[in-house]
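Contents: one structure, followed by commentary.
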Amino acid sequence: MSDTITDVSGLDDLFHDVTLTDASTGAAITSGTVTVVLCTARTVTSLGAGATCSLAHVAAGRWTGIHDDTAITTAISALPTGGLFDRVLFVQGTAARKLGTC
């Protein structure tokens with residue numbers, strides 16, 4: 001028995017790397033909780049288990065994390081063929097921001 005590997009468009013950035021600044025002051029955001037969540041398209045509803053990736057502050061407002069490809073596969077497995085989902089950035093104390101649709 002062999003494994004089948006399927007390429008899914010939009011998952012080339014399993015490594016998330018974002019720089020966050022305060023829109024009012026321009027100051028780097030260096031504390032709080034930052035996550036990237038795979039959500040049902042056009043919502044902020046998580047796809048479920050494995051859909052959330054916590055980011056860690058590295059320096060000067062730069063936040064990074066790795067969203068495990070196995071977790072992504074599990075999270076999107078219930079989507080219909082060709083189904084879309086959004087990658088949404090959640091920053092503590094601010095509105096969620098869509099990073100992109102896959």
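Letters A, B, ... mark the chains of the structure tokens in the order given; residue numbers begin at 1 per chain; ligand numbers begin at 1, in order shown.
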- request: Taking the chain letters and numbering used in this document, name the residues of segment 2-83 of chain A that DSSP puts in strand (DSSP E or B), as JSON, numbers by chain.
  value: {"A": [15, 16, 17, 18, 19, 21, 28, 34, 35, 36, 37, 38, 39, 40, 46, 52, 53, 54, 55, 56, 57, 58, 59, 62, 63, 64, 65, 66]}
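Here atom CA of Phe15 of chain A and atom CA of Thr33 of chain A stand 17.3 Å from one another.
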- request: Within 12 Å of Ala78 of chain A, counting only C-alpha atoms, which residues show up once you throw out same-chain ones fewer than 6 positions away? Write them as a PyMOL selection string, please.
  value: chain A and resi 40+47-49+72+84-85
field: Residue nearest Gly93 of chain A - candidates A:Asp69, A:Thr64, A:Val34, A:Ala75, atoms counted: only C-alpha atoms
entry: A:Val34
- prompt: For the atom pair atom CA of Arg42 of chain A and atom CA of His57 of chain A, what is the interatomic distance in Å to one decimal place?
  reply: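 Going from atom CA of Arg42 of chain A over to atom CA of His57 of chain A, I get 27.3 Å.
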